[in-house]
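Engineer: Got a structure for you, questions after.
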Amino acid sequence: MKPYHIAIIPDGNRRWAKKKGIDKRKGYEIGIRHIGDVLKWCRQKKIRMLSMWGFSTENFKRPKDEVGALFELFESNLMKILEEGKESYRKYKVRVRFIGRKDLFPREIREKLEAVERKTEKNDKYFFNVFLGYGGRQEILDAVNAAVKRGRRVDEKEFEKLLYTSEIPEPDMVIRTSGEQRVSGFLPWQAAYSEWYFSPKLWPDFSRKDFFDALGEYARRKRRYGK
């Protein structure tokens with residue numbers, strides 16, 4: 001059994017940097033660039049959709065200097081990856097989406113994110129979703145408020161259309177690195193019946209073998225969807 005959609009919480013960048021005795025900004029930079037490796041691994045295994053949690057709504061509560069540094073990294077390193085990989089995205093027909101409260105980011109970053117989405121919107125073989133300014137509780141609150149604004153009751157299917165993720169399928173498997181075994185507000189509605197896999201590796205150390213081991217574990221499981 002092969003998953004169609006894998007979502008990842010790439011946790012452990014700061015701890016990895018501390019362990020290596022380097023600045024945490026460098027840890028984030030290496031962690032962001034590691035995303036390109038995972039995209040290659042997904043293509044090797046013909047996994048059509050990959051979602052990565054890049055920045056949560058809670059992350060905005062971190063010290064201003066750290067948040068500012070992250071913004072700079074998004075604007076430089078993340079966009080650099082996308083720019084360097086534009087030929088690959090065209091070659092492999094990868095569509096890129098940014099999901100979450102993008103309005104919370106500086107205008108310069110929003111414009112670049114929107115430009116990438118426009119350039120790749122016609123690609124339809126592989127799909128790469130980056131969750132930025134995302135919080136599961138906030139997403140549900142926004143959907144509830146949208147339903148209330150409509151002034152009528154909604155069922156599950158109608159409610160799902162109000163979520164940020166209305167255009168993408170639920171993840172088959174969610175991987176969290178760094179040894180932490182909690183959801184932390186990532187896709188609480190969408191991942192209700194997903195298979196979860198917790199790796200002890202810090203994100204920059206998460207290797208191709210670790211990824212393939214996770215896929216092997218997924219193949220051994222029997223999904224029941226709560227039944």
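Ordered as shown in the structure tokens, chains take letters A, B, and onward, while each chain numbers its residues from 1 and ligands are numbered from 1 in the order shown.
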Give one line per residue of segment 97-156 of chain A that approaches segment 30-50 of chain A to at most 9 Å, naming the two atoms of the closest pair and their distance in Å to one decimal, counting only C-alpha atoms; sort by chain then ascending residue number and deliver it as a tab-separated table.
Structural biologist:
residue	atom	partner	partner_atom	distance
A:Lys125	CA	A:Arg48	CA	6.8
A:Tyr126	CA	A:Arg48	CA	4.7
A:Phe127	CA	A:Met49	CA	4.6
A:Phe128	CA	A:Leu50	CA	5.0
A:Asn129	CA	A:Leu50	CA	6.2
A:Val130	CA	A:Leu50	CA	8.5
Engineer: Run DSSP on the backbone of this structure and report the residues of segment 22-177 of chain A it assigns to strand (DSSP E), as a PDB file with C-alpha atoms, in the first residue's frame.
Structural biologist:
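part09.pdb was written with the following content:
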ATOM      1  CA  MET A  49       1.559  14.967  -2.910  1.00  0.00           C
ATOM      2  CA  LEU A  50       3.804  16.312  -0.150  1.00  0.00           C
ATOM      3  CA  SER A  51       2.785  18.823   2.514  1.00  0.00           C
ATOM      4  CA  MET A  52       5.270  20.536   4.843  1.00  0.00           C
ATOM      5  CA  TRP A  53       4.488  22.628   7.913  1.00  0.00           C
ATOM      6  CA  GLY A  54       6.788  25.623   7.600  1.00  0.00           C
ATOM      7  CA  PHE A  55       5.473  28.184  10.088  1.00  0.00           C
ATOM      8  CA  SER A  56       2.597  28.023  12.554  1.00  0.00           C
ATOM      9  CA  VAL A  94       4.924  20.082  -9.719  1.00  0.00           C
ATOM     10  CA  ARG A  95       2.241  22.450  -8.489  1.00  0.00           C
ATOM     11  CA  VAL A  96       3.176  24.537  -5.432  1.00  0.00           C
ATOM     12  CA  ARG A  97       0.623  25.912  -2.980  1.00  0.00           C
ATOM     13  CA  PHE A  98       1.070  27.940   0.201  1.00  0.00           C
ATOM     14  CA  ILE A  99      -1.664  27.256   2.733  1.00  0.00           C
ATOM     15  CA  TYR A 126       3.040  16.246  -8.374  1.00  0.00           C
ATOM     16  CA  PHE A 127       1.799  18.606  -5.684  1.00  0.00           C
ATOM     17  CA  PHE A 128       3.801  20.424  -3.010  1.00  0.00           C
ATOM     18  CA  ASN A 129       1.926  22.231  -0.222  1.00  0.00           C
ATOM     19  CA  VAL A 130       3.735  24.506   2.234  1.00  0.00           C
ATOM     20  CA  PHE A 131       1.764  25.457   5.355  1.00  0.00           C
ATOM     21  CA  LEU A 132       2.705  28.990   6.410  1.00  0.00           C
ATOM     22  CA  GLY A 133       0.907  30.955   9.113  1.00  0.00           C
ATOM     23  CA  TYR A 134      -1.060  27.778   9.785  1.00  0.00           C
ATOM     24  CA  MET A 173       0.344   9.658   6.580  1.00  0.00           C
ATOM     25  CA  VAL A 174       1.775  12.389   8.822  1.00  0.00           C
ATOM     26  CA  ILE A 175       5.449  12.226   9.824  1.00  0.00           C
ATOM     27  CA  ARG A 176       6.860  14.201  12.743  1.00  0.00           C
TER      28      ARG A 176
END
Engineer: My list of candidates is A:Trp203, A:Phe198, A:Tyr4, A:Tyr193. Which is closest to Arg224 of chain A when distances are computed with only C-alpha atoms?
Structural biologist: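 Among the listed residues, A:Tyr193 lies closest to Arg224 of chain A.
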Engineer: Of the candidates A:Glu158, A:Glu58, A:Glu170, A:Asp65, which one gets nearest to Lys24 of chain A if we count only C-alpha atoms?
Structural biologist: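 Checking each of A:Glu158, A:Glu58, A:Glu170, A:Asp65 against Lys24 of chain A, counting only C-alpha atoms, the winner is A:Asp65.
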Engineer: With a cut-off of 10 Å, could you pull out the residues of segment 76-167 of chain A touching segment 180-188 of chain A and give me the nearest pair of atoms for each, distance in Å to one decimal, using only C-alpha atoms, ordered by chain and ascending number, as CSV?
Structural biologist:
residue,atom,partner,partner_atom,distance
A:Phe131,CA,A:Phe186,CA,9.4
A:Tyr134,CA,A:Phe186,CA,8.0
A:Gly135,CA,A:Gly185,CA,5.9
A:Gly136,CA,A:Gly185,CA,4.8
A:Arg137,CA,A:Gly185,CA,6.6
A:Gln138,CA,A:Gly185,CA,9.2
A:Glu139,CA,A:Leu187,CA,8.8
A:Ile140,CA,A:Pro188,CA,8.8
A:Thr165,CA,A:Leu187,CA,9.1
Engineer: Once you have the residues from the selection above, write them out as a compact mmCIF listing (two decimals), in the first residue's frame, restricted to C-alpha atoms.
Structural biologist:
# COMPACT_ATOMS: atom_id res chain seq x y z
CA PHE A 131 1.76 25.46 5.36
CA TYR A 134 -1.06 27.78 9.79
CA GLY A 135 -2.78 26.72 12.99
CA GLY A 136 -5.37 23.96 13.11
CA ARG A 137 -7.59 25.64 15.69
CA GLN A 138 -7.52 28.93 13.83
CA GLU A 139 -8.43 27.15 10.60
CA ILE A 140 -11.47 25.54 12.25
CA THR A 165 -7.31 22.76 2.51
Engineer: So which residues of segment 42-101 of chain A fall under alpha helix (DSSP H) by DSSP, listed as a list in words?
Structural biologist: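 Filtering segment 42-101 of chain A to alpha helix (DSSP H) leaves Cys42, Arg43, Gln44, Lys64, Asp65, Glu66, Val67, Gly68, Ala69, Leu70, Phe71, Glu72, Leu73, Met79, Lys80, Ile81, Leu82, Glu83, Glu84, Lys86, Glu87, Ser88, Tyr89, Arg90, Lys91 and Tyr92 of chain A.
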